[in-house]
file start10.csv (CSV, C-alpha atoms)
chain,number,residue,atom,x,y,z
S,1375,MET,CA,25.3,45.0,42.9
S,1376,ILE,CA,22.0,43.5,44.3
S,1377,ILE,CA,20.0,45.1,41.5
S,1378,ARG,CA,22.3,43.6,38.9
S,1379,MET,CA,22.0,40.2,40.5
S,1380,LYS,CA,18.2,40.5,40.5
S,1381,LYS,CA,18.2,41.4,36.8
S,1382,THR,CA,20.5,38.5,36.0
S,1383,LEU,CA,18.2,36.1,38.0
S,1384,THR,CA,15.2,37.5,36.2
S,1385,ILE,CA,16.8,36.9,32.8
S,1386,LEU,CA,17.7,33.4,33.8
S,1387,ILE,CA,14.2,32.6,35.0
S,1388,VAL,CA,12.7,34.0,31.8
S,1389,ALA,CA,15.2,32.0,29.7
S,1390,ALA,CA,14.4,28.9,31.6
S,1391,LEU,CA,10.6,29.4,31.1
S,1392,ALA,CA,11.1,30.1,27.4
S,1393,PHE,CA,13.1,26.9,27.1
S,1394,PHE,CA,10.5,24.9,29.0
S,1395,ILE,CA,7.7,26.3,26.8
S,1396,PHE,CA,9.7,25.4,23.7
S,1397,ILE,CA,10.2,21.8,24.8
S,1398,LYS,CA,6.5,21.5,25.7
S,1399,GLU,CA,5.5,22.8,22.3
S,1400,LYS,CA,8.0,20.5,20.6
S,1401,ASP,CA,6.6,17.5,22.6
S,1402,ALA,CA,3.1,18.6,21.7
S,1403,ARG,CA,4.0,18.6,18.0
S,1404,LYS,CA,5.4,15.1,18.4
S,1405,GLU,CA,2.2,13.9,20.1
S,1406,THR,CA,0.0,15.4,17.3
S,1407,ASN,CA,2.2,13.9,14.6
S,1408,PRO,CA,0.3,10.7,13.8
S,1409,LEU,CA,3.5,9.0,12.6
S,1410,TYR,CA,5.6,9.6,15.7
S,1411,HIS,CA,6.8,6.1,16.5
S,1412,GLU,CA,4.0,4.7,14.4
S,1413,ALA,CA,5.3,4.0,10.9
S,1414,LYS,CA,8.6,3.9,9.0
S,1415,ALA,CA,7.2,6.0,6.1
S,1416,ALA,CA,4.1,7.6,4.8
S,1417,ILE,CA,2.7,10.0,2.2
S,1418,VAL,CA,-0.6,11.7,1.4
S,1419,LEU,CA,-0.9,12.7,-2.2
S,1420,GLU,CA,-3.5,14.7,-4.2
S,1421,ALA,CA,-3.7,12.5,-7.3
S,1422,GLU,CA,-4.8,15.1,-10.0
S,1423,THR,CA,-2.3,17.8,-9.1
S,1424,GLY,CA,0.5,15.6,-7.6
S,1425,LYS,CA,0.5,17.9,-4.6
S,1426,ILE,CA,2.0,16.2,-1.5
S,1427,LEU,CA,-0.2,17.0,1.5
S,1428,TYR,CA,2.0,15.2,4.0
S,1429,GLU,CA,5.1,13.0,3.9
S,1430,GLN,CA,7.5,11.4,6.3
S,1431,ASN,CA,10.6,9.5,5.3
S,1432,SER,CA,9.0,9.1,1.9
S,1433,LYS,CA,12.3,8.7,0.0
S,1434,GLU,CA,13.7,5.7,1.8
S,1435,ALA,CA,13.4,2.3,-0.1
S,1436,LEU,CA,11.7,-0.2,2.2
S,1437,PRO,CA,10.0,-3.6,1.8
S,1438,ILE,CA,6.6,-3.2,0.3
S,1439,ALA,CA,5.0,-6.6,0.7
S,1440,SER,CA,1.8,-7.1,-1.3
S,1441,MET,CA,1.6,-3.5,-2.4
S,1442,SER,CA,3.9,-4.9,-5.1
S,1443,LYS,CA,0.7,-6.2,-6.7
S,1444,LEU,CA,-0.1,-2.7,-7.8
S,1445,MET,CA,2.5,-3.1,-10.5
S,1446,THR,CA,1.3,-6.6,-11.2
S,1447,GLN,CA,-2.2,-5.2,-11.7
S,1448,TYR,CA,-0.9,-2.4,-14.0
S,1449,ILE,CA,1.0,-4.8,-16.3
S,1450,VAL,CA,-1.9,-7.3,-16.5
S,1451,LEU,CA,-4.4,-4.5,-17.3
S,1452,GLU,CA,-1.9,-3.2,-19.9
S,1453,ALA,CA,-1.7,-6.7,-21.5
S,1454,ILE,CA,-5.6,-6.8,-21.6
S,1455,ALA,CA,-5.6,-3.3,-23.2
S,1456,ASP,CA,-3.0,-4.4,-25.8
S,1457,GLY,CA,-5.0,-7.6,-26.6
S,1458,ARG,CA,-2.3,-10.0,-25.3
S,1459,LEU,CA,-4.8,-11.2,-22.8
S,1460,SER,CA,-8.6,-11.1,-22.3
S,1461,TRP,CA,-10.7,-11.4,-19.2
S,1462,ASP,CA,-11.7,-14.8,-20.4
S,1463,SER,CA,-8.2,-16.1,-21.1
S,1464,GLN,CA,-7.8,-19.5,-19.4
S,1465,TYR,CA,-5.0,-20.6,-17.1
S,1466,LYS,CA,-4.0,-24.2,-16.1
S,1467,PRO,CA,-2.1,-24.0,-12.8
S,1468,SER,CA,1.7,-24.6,-13.0
S,1469,THR,CA,3.8,-26.2,-10.4
S,1470,ALA,CA,5.3,-22.8,-9.5
S,1471,ALA,CA,1.8,-21.3,-8.9
S,1472,LEU,CA,0.7,-24.3,-6.8
S,1473,ASN,CA,3.9,-24.4,-4.7
S,1474,GLN,CA,3.7,-21.0,-3.0
S,1475,PRO,CA,4.8,-20.9,0.6
S,1476,ARG,CA,2.3,-22.5,3.0
S,1477,TYR,CA,1.9,-19.2,5.0
S,1478,ALA,CA,1.0,-17.3,1.8
S,1479,VAL,CA,-2.6,-16.2,1.1
S,1480,MET,CA,-3.9,-18.4,-1.7
S,1481,LEU,CA,-6.8,-18.8,-4.1
S,1482,GLY,CA,-6.2,-22.5,-3.7
S,1483,MET,CA,-6.2,-23.6,-7.3
S,1484,ASP,CA,-6.9,-27.2,-8.3
S,1485,LYS,CA,-4.3,-28.5,-10.8
S,1486,ARG,CA,-7.0,-30.4,-12.7
S,1487,LYS,CA,-9.0,-27.2,-13.4
S,1488,THR,CA,-8.5,-24.0,-15.4
S,1489,TYR,CA,-9.2,-20.4,-14.3
S,1490,ASN,CA,-9.9,-17.3,-16.2
S,1491,VAL,CA,-8.1,-14.0,-15.9
S,1492,ARG,CA,-11.1,-12.3,-14.3
S,1493,GLU,CA,-11.2,-14.7,-11.4
S,1494,LEU,CA,-7.4,-14.6,-10.9
S,1495,PHE,CA,-7.3,-10.8,-11.0
S,1496,ALA,CA,-10.2,-10.6,-8.5
S,1497,ALA,CA,-8.4,-13.1,-6.2
S,1498,MET,CA,-5.1,-11.2,-6.4
S,1499,THR,CA,-6.7,-7.8,-5.9
S,1500,ILE,CA,-9.4,-8.5,-3.3
S,1501,THR,CA,-7.9,-11.2,-1.1
S,1502,SER,CA,-4.2,-10.7,-2.1
S,1503,ALA,CA,-3.9,-14.3,-3.4
S,1504,ASN,CA,-0.3,-15.0,-4.2
S,1505,ASP,CA,-0.9,-18.0,-6.4
S,1506,ALA,CA,-3.2,-15.9,-8.5
S,1507,ALA,CA,-0.5,-13.2,-8.9
S,1508,VAL,CA,2.0,-15.9,-10.1
S,1509,ALA,CA,-0.6,-17.3,-12.5
S,1510,LEU,CA,-1.2,-13.8,-14.0
S,1511,ALA,CA,2.5,-13.2,-14.3
S,1512,GLU,CA,2.9,-16.5,-16.2
S,1513,LEU,CA,0.0,-15.7,-18.5
S,1514,VAL,CA,1.5,-12.3,-19.4
S,1515,SER,CA,5.2,-13.2,-19.7
S,1516,GLY,CA,5.5,-17.0,-19.7
S,1517,THR,CA,7.4,-17.2,-16.4
S,1518,GLU,CA,7.3,-15.1,-13.2
S,1519,ALA,CA,11.0,-14.3,-13.7
S,1520,GLU,CA,10.3,-12.8,-17.1
S,1521,PHE,CA,7.4,-10.9,-15.7
S,1522,VAL,CA,9.6,-9.4,-13.0
S,1523,GLN,CA,11.9,-8.1,-15.7
S,1524,GLU,CA,8.8,-6.3,-17.1
S,1525,MET,CA,7.9,-4.9,-13.7
S,1526,ASN,CA,11.4,-3.4,-13.2
S,1527,LYS,CA,11.4,-2.1,-16.8
S,1528,LYS,CA,8.0,-0.4,-16.1
S,1529,ALA,CA,9.4,1.1,-12.9
S,1530,GLU,CA,12.2,2.6,-14.9
S,1531,GLN,CA,9.7,4.0,-17.4
S,1532,PHE,CA,7.9,5.7,-14.5
S,1533,GLY,CA,11.2,7.2,-13.4
S,1534,LEU,CA,11.3,5.2,-10.1
S,1535,THR,CA,15.0,4.9,-9.3
S,1536,ASN,CA,14.4,3.4,-5.8
S,1537,THR,CA,12.1,0.6,-6.8
S,1538,ARG,CA,13.2,-3.0,-7.3
S,1539,PHE,CA,11.1,-6.1,-7.8
S,1540,ILE,CA,12.2,-9.7,-7.4
S,1541,ASN,CA,8.8,-11.3,-7.6
S,1542,ALA,CA,5.2,-10.6,-8.6
S,1543,THR,CA,3.7,-11.1,-5.2
S,1544,GLY,CA,5.7,-9.2,-2.6
S,1545,LEU,CA,6.5,-12.3,-0.5
S,1546,ASP,CA,9.7,-12.3,1.4
S,1547,GLU,CA,12.3,-14.7,-0.1
S,1548,ALA,CA,16.1,-14.5,0.2
S,1549,ASP,CA,15.4,-10.9,-0.8
S,1550,THR,CA,12.2,-8.9,-1.1
S,1551,ASN,CA,10.6,-6.1,-3.2
S,1552,HIS,CA,11.6,-2.6,-2.2
S,1553,ALA,CA,10.3,0.9,-3.0
S,1554,THR,CA,9.8,4.3,-1.4
S,1555,ALA,CA,6.5,5.6,-0.2
S,1556,ARG,CA,6.7,8.2,-3.0
S,1557,ASP,CA,7.3,5.4,-5.5
S,1558,VAL,CA,4.4,3.3,-4.3
S,1559,ALA,CA,2.1,6.4,-4.5
S,1560,ALA,CA,3.4,7.0,-8.0
S,1561,ILE,CA,2.6,3.4,-9.1
S,1562,ALA,CA,-0.9,3.7,-7.6
S,1563,ASN,CA,-1.4,7.0,-9.4
S,1564,GLU,CA,-0.3,5.6,-12.8
S,1565,LEU,CA,-2.5,2.6,-12.3
S,1566,LEU,CA,-5.6,4.7,-11.5
S,1567,GLU,CA,-4.9,7.2,-14.3
S,1568,GLN,CA,-4.3,4.6,-17.0
S,1569,TYR,CA,-6.6,1.8,-15.9
S,1570,PRO,CA,-9.4,3.2,-13.6
S,1571,GLU,CA,-11.3,-0.1,-14.2
S,1572,VAL,CA,-9.1,-1.5,-11.4
S,1573,LEU,CA,-11.5,0.3,-9.1
S,1574,GLU,CA,-14.3,-2.1,-10.1
S,1575,PHE,CA,-12.3,-4.8,-8.2
S,1576,THR,CA,-10.8,-2.7,-5.4
S,1577,ARG,CA,-14.2,-1.5,-4.4
S,1578,MET,CA,-15.5,-5.1,-3.9
S,1579,THR,CA,-15.9,-6.3,-0.3
S,1580,ASP,CA,-16.0,-9.9,-1.4
S,1581,PHE,CA,-16.3,-12.2,-4.3
S,1582,THR,CA,-17.3,-15.8,-5.0
S,1583,THR,CA,-14.8,-18.1,-6.7
S,1584,SER,CA,-15.7,-20.6,-9.5
S,1585,ASP,CA,-15.9,-23.4,-6.9
S,1586,GLY,CA,-18.4,-21.4,-4.8
S,1587,THR,CA,-16.1,-20.2,-2.1
S,1588,ARG,CA,-16.8,-16.7,-0.8
S,1589,LEU,CA,-13.6,-14.7,-0.1
S,1590,TRP,CA,-13.4,-11.3,1.6
S,1591,THR,CA,-11.3,-8.2,1.0
S,1592,THR,CA,-8.3,-7.4,3.1
S,1593,ASN,CA,-9.3,-3.7,3.0
S,1594,LEU,CA,-11.4,-3.2,6.1
S,1595,MET,CA,-11.9,0.5,5.4
S,1596,LEU,CA,-14.2,-0.1,2.4
S,1597,PRO,CA,-17.8,1.0,2.9
S,1598,GLY,CA,-19.7,-2.0,4.5
S,1599,MET,CA,-16.6,-3.3,6.2
S,1600,PRO,CA,-15.8,-3.1,10.0
S,1601,GLN,CA,-13.6,0.0,9.7
S,1602,GLU,CA,-15.4,1.7,6.9
S,1603,MET,CA,-14.5,5.2,5.8
S,1604,ILE,CA,-16.9,7.0,3.4
S,1605,GLY,CA,-15.1,7.7,0.2
S,1606,MET,CA,-12.7,4.8,0.4
S,1607,GLU,CA,-12.3,2.9,-2.9
S,1608,GLY,CA,-9.2,0.7,-2.4
S,1609,LEU,CA,-6.4,0.0,-3.1
S,1610,LYS,CA,-3.9,-2.6,-1.8
S,1611,THR,CA,-2.9,-3.9,1.7
S,1612,GLY,CA,0.4,-5.6,2.4
S,1613,TYR,CA,2.1,-7.5,5.2
S,1614,THR,CA,5.2,-9.6,5.7
S,1615,GLU,CA,7.4,-9.9,8.7
S,1616,GLU,CA,10.1,-7.9,7.0
S,1617,ALA,CA,7.8,-5.1,5.7
S,1618,GLY,CA,5.4,-4.9,8.6
S,1619,PRO,CA,1.8,-3.7,8.0
S,1620,CYS,CA,1.5,-1.6,4.8
S,1621,PHE,CA,-1.4,0.0,3.0
S,1622,ALA,CA,-1.8,2.0,-0.2
S,1623,SER,CA,-5.3,3.6,-0.2
S,1624,THR,CA,-7.3,5.7,-2.6
S,1625,GLY,CA,-10.6,7.5,-2.3
S,1626,ILE,CA,-12.6,10.6,-3.1
S,1627,TYR,CA,-12.7,13.2,-0.3
S,1628,GLU,CA,-14.2,16.6,-0.7
S,1629,GLY,CA,-14.3,16.1,-4.5
S,1630,LYS,CA,-10.6,15.1,-4.8
S,1631,ARG,CA,-8.9,11.8,-5.4
S,1632,ILE,CA,-6.4,11.1,-2.6
S,1633,ILE,CA,-3.7,8.5,-2.5
S,1634,THR,CA,-2.1,7.5,0.8
S,1635,VAL,CA,0.7,5.1,1.6
S,1636,VAL,CA,1.8,3.9,5.0
S,1637,MET,CA,4.7,1.5,5.4
S,1638,GLY,CA,6.1,-0.5,8.4
S,1639,VAL,CA,3.3,0.5,10.7
S,1640,GLY,CA,4.0,-0.3,14.3
S,1641,VAL,CA,1.8,-2.9,16.0
S,1642,GLU,CA,1.1,-4.0,19.6
S,1643,GLY,CA,0.3,-7.7,20.1
S,1644,SER,CA,-0.8,-9.8,17.2
S,1645,ASP,CA,-3.1,-7.3,15.4
S,1646,THR,CA,-1.2,-6.5,12.2
S,1647,SER,CA,-4.3,-5.2,10.4
S,1648,THR,CA,-6.0,-2.5,12.5
S,1649,PRO,CA,-3.0,-0.1,13.0
S,1650,ARG,CA,-2.5,0.5,9.3
S,1651,PHE,CA,-6.1,1.5,8.8
S,1652,THR,CA,-6.2,3.6,12.0
S,1653,LEU,CA,-3.2,5.5,10.8
S,1654,THR,CA,-4.6,5.9,7.2
S,1655,ARG,CA,-7.8,7.3,8.7
S,1656,ASP,CA,-5.8,9.7,10.9
S,1657,LEU,CA,-3.8,11.0,7.9
S,1658,ILE,CA,-6.9,11.6,5.8
S,1659,ASP,CA,-8.7,13.3,8.7
S,1660,ARG,CA,-5.7,15.6,9.5
S,1661,TYR,CA,-4.3,16.4,6.1
S,1662,VAL,CA,-7.3,16.1,3.7
S,1663,LEU,CA,-10.5,16.7,5.8
S,1664,ASN,CA,-8.6,18.9,8.3
S,1665,GLU,CA,-10.6,17.5,11.2
call {"tool": "encode", "arguments": {"input": "start10.csv", "output": "structure tokens"}}
result
Amino acid sequence: MIIRMKKTLTILIVAALAFFIFIKEKDARKETNPLYHEAKAAIVLEAETGKILYEQNSKEALPIASMSKLMTQYIVLEAIADGRLSWDSQYKPSTAALNQPRYAVMLGMDKRKTYNVRELFAAMTITSANDAAVALAELVSGTEAEFVQEMNKKAEQFGLTNTRFINATGLDEADTNHATARDVAAIANELLEQYPEVLEFTRMTDFTTSDGTRLWTTNLMLPGMPQEMIGMEGLKTGYTEEAGPCFASTGIYEGKRIITVVMGVGVEGSDTSTPRFTLTRDLIDRYVLNE
């Protein structure tokens, strides 16, 4: 009887220890997961092969903020390739372009002046100027509303069933642009594959406008910027209150082009910029460089 009780007690102790070890290992996995309580969605993609190196919640449609401009870039570059536009095409600011929300990032166009496509594209790409995005949409399609139809049509052509655009900028309105992390990565991949010249702009740390103003990139991970990462070449940051901090990046690491997307990155305090870059670096270190 005593021997049987001792055996039972031993079994219970061993089971308890095994359960404790399991819980500790589970907690350790959570602690080493860079996205645990840090972002709503993310993906790491090997561009050439399409191999997914890491993903979390990558199929849920979420607000994408200014990562929307990846599609705007694609359609503008397509229009240039088709001959509908040229880099020197001129634009006179419309009321719609001039009357963007006060909180929005702007090139700050003068209604009395004209601007060429190259300056508008640089402003949209490098500093995320929303008036420049609207201007480019109008140049391509006549109105932003017609351009948005083209954006959604292009998303359908790419097979993106969970992507929906309502504007060319990504700004929150009564509604906002939505896509999954997988879809954002797919748009980025299509953009880079079809129009690699976009990298000429996304690699730039700054540019000077036609009125002599020097504007800086929102991508602080580019070489020469405060949070530089060797190999980083772009691609597009985003932030609105609804979307939270977002970032679609691309770079060459160990000879391979990598695309990452982080969405709804958690923040502490007022710094909405650093966390998305810290998380992107962590993802590349862990799942690409294996550091």
call {"tool": "atom_distance", "arguments": {"input": "start10.csv", "atom1": "atom CA of S:Gln1523", "atom2": "atom CA of S:Asn1551"}}
result
12.7 Å
call {"tool": "atom_distance", "arguments": {"input": "start10.csv", "atom1": "atom CA of S:Lys1485", "atom2": "atom CA of S:Asn1541"}}
result
21.9 Å
call {"tool": "closest_residue", "arguments": {"input": "start10.csv", "among": "S:Ser1584, S:Gln1568, S:Thr1537, S:Thr1592", "to": "S:Leu1436", "atoms": "all atoms listed in the file"}}
result
S:Thr1537
call {"tool": "closest_residue", "arguments": {"input": "start10.csv", "among": "S:Ala1478, S:Ala1519, S:Val1450, S:Ala1439", "to": "S:Leu1494", "atoms": "all atoms listed in the file"}}
result
S:Val1450
call {"tool": "residues_around", "arguments": {"input": "start10.csv", "residues": "stretch 1459-1471 of chain S", "least_positions_apart": "6", "cutoff": "8 Å", "atoms": "only C-alpha atoms", "output": "PyMOL selection string"}}
result
chain S and resi 1450+1453+1483-1492+1505-1506+1508-1509+1513-1514
call {"tool": "atom_distance", "arguments": {"input": "start10.csv", "atom1": "atom CA of S:Met1441", "atom2": "atom CA of S:Thr1543"}}
result
8.4 Å
call {"tool": "residues_around", "arguments": {"input": "start10.csv", "residues": "S:Gly1533", "least_positions_apart": "5", "cutoff": "10 Å", "atoms": "all atoms listed in the file", "output": "number ranges by chain"}}
result
S: 1527-1528, 1557, 1560
call {"tool": "write_last_selection", "arguments": {"input": "start10.csv", "atoms": "C-alpha atoms", "output": "mmCIF file, in the coordinates of the input"}}
result
data_model
loop_
_atom_site.group_PDB
_atom_site.id
_atom_site.type_symbol
_atom_site.label_atom_id
_atom_site.label_comp_id
_atom_site.auth_asym_id
_atom_site.auth_seq_id
_atom_site.Cartn_x
_atom_site.Cartn_y
_atom_site.Cartn_z
ATOM 1 C CA LYS S 1527 11.400 -2.100 -16.800
ATOM 2 C CA LYS S 1528 8.000 -0.400 -16.100
ATOM 3 C CA ASP S 1557 7.300 5.400 -5.500
ATOM 4 C CA ALA S 1560 3.400 7.000 -8.000
#
call {"tool": "closest_atom_pairs", "arguments": {"input": "start10.csv", "of": "stretch 1415-1503 of chain S", "to": "stretch 1605-1628 of chain S", "cutoff": "10 Å", "atoms": "all atoms listed in the file", "output": "JSON lines"}}
result
{"residue": "S:Ala1415", "atom": "CA", "partner": "S:Cys1620", "partner_atom": "CA", "distance": 9.6}
{"residue": "S:Ala1416", "atom": "CA", "partner": "S:Ala1622", "partner_atom": "CA", "distance": 9.5}
{"residue": "S:Ile1417", "atom": "CA", "partner": "S:Ala1622", "partner_atom": "CA", "distance": 9.5}
{"residue": "S:Val1418", "atom": "CA", "partner": "S:Ser1623", "partner_atom": "CA", "distance": 9.5}
{"residue": "S:Leu1419", "atom": "CA", "partner": "S:Thr1624", "partner_atom": "CA", "distance": 9.5}
{"residue": "S:Glu1420", "atom": "CA", "partner": "S:Thr1624", "partner_atom": "CA", "distance": 9.9}
{"residue": "S:Ala1421", "atom": "CA", "partner": "S:Thr1624", "partner_atom": "CA", "distance": 9.0}
{"residue": "S:Leu1436", "atom": "CA", "partner": "S:Ala1617", "partner_atom": "CA", "distance": 7.2}
{"residue": "S:Pro1437", "atom": "CA", "partner": "S:Ala1617", "partner_atom": "CA", "distance": 4.7}
{"residue": "S:Ile1438", "atom": "CA", "partner": "S:Ala1617", "partner_atom": "CA", "distance": 5.8}
{"residue": "S:Ala1439", "atom": "CA", "partner": "S:Gly1612", "partner_atom": "CA", "distance": 5.0}
{"residue": "S:Ser1440", "atom": "CA", "partner": "S:Gly1612", "partner_atom": "CA", "distance": 4.2}
{"residue": "S:Met1441", "atom": "CA", "partner": "S:Gly1612", "partner_atom": "CA", "distance": 5.4}
{"residue": "S:Ser1442", "atom": "CA", "partner": "S:Gly1612", "partner_atom": "CA", "distance": 8.3}
{"residue": "S:Lys1443", "atom": "CA", "partner": "S:Lys1610", "partner_atom": "CA", "distance": 7.6}
{"residue": "S:Leu1444", "atom": "CA", "partner": "S:Lys1610", "partner_atom": "CA", "distance": 7.1}
{"residue": "S:Ala1478", "atom": "CA", "partner": "S:Thr1614", "partner_atom": "CA", "distance": 9.6}
{"residue": "S:Met1498", "atom": "CA", "partner": "S:Lys1610", "partner_atom": "CA", "distance": 9.8}
{"residue": "S:Thr1499", "atom": "CA", "partner": "S:Lys1610", "partner_atom": "CA", "distance": 7.2}
{"residue": "S:Ile1500", "atom": "CA", "partner": "S:Lys1610", "partner_atom": "CA", "distance": 8.2}
{"residue": "S:Thr1501", "atom": "CA", "partner": "S:Thr1611", "partner_atom": "CA", "distance": 9.3}
{"residue": "S:Ser1502", "atom": "CA", "partner": "S:Thr1611", "partner_atom": "CA", "distance": 7.9}
call {"tool": "residues_around", "arguments": {"input": "start10.csv", "residues": "S:Ala1497", "least_positions_apart": "4", "cutoff": "10 Å", "atoms": "only C-alpha atoms", "output": "list of chain:residue names"}}
result
S:Val1479, S:Met1480, S:Leu1481, S:Gly1482, S:Val1491, S:Arg1492, S:Glu1493, S:Thr1501, S:Ser1502, S:Ala1503, S:Asn1504, S:Asp1505, S:Ala1506, S:Ala1507, S:Phe1575, S:Asp1580, S:Phe1581, S:Thr1582, S:Thr1583, S:Leu1589, S:Trp1590, S:Thr1591
call {"tool": "closest_residue", "arguments": {"input": "start10.csv", "among": "S:Asp1585, S:Glu1547, S:Glu1642, S:Glu1452", "to": "S:Gln1474", "atoms": "only C-alpha atoms"}}
result
S:Glu1547
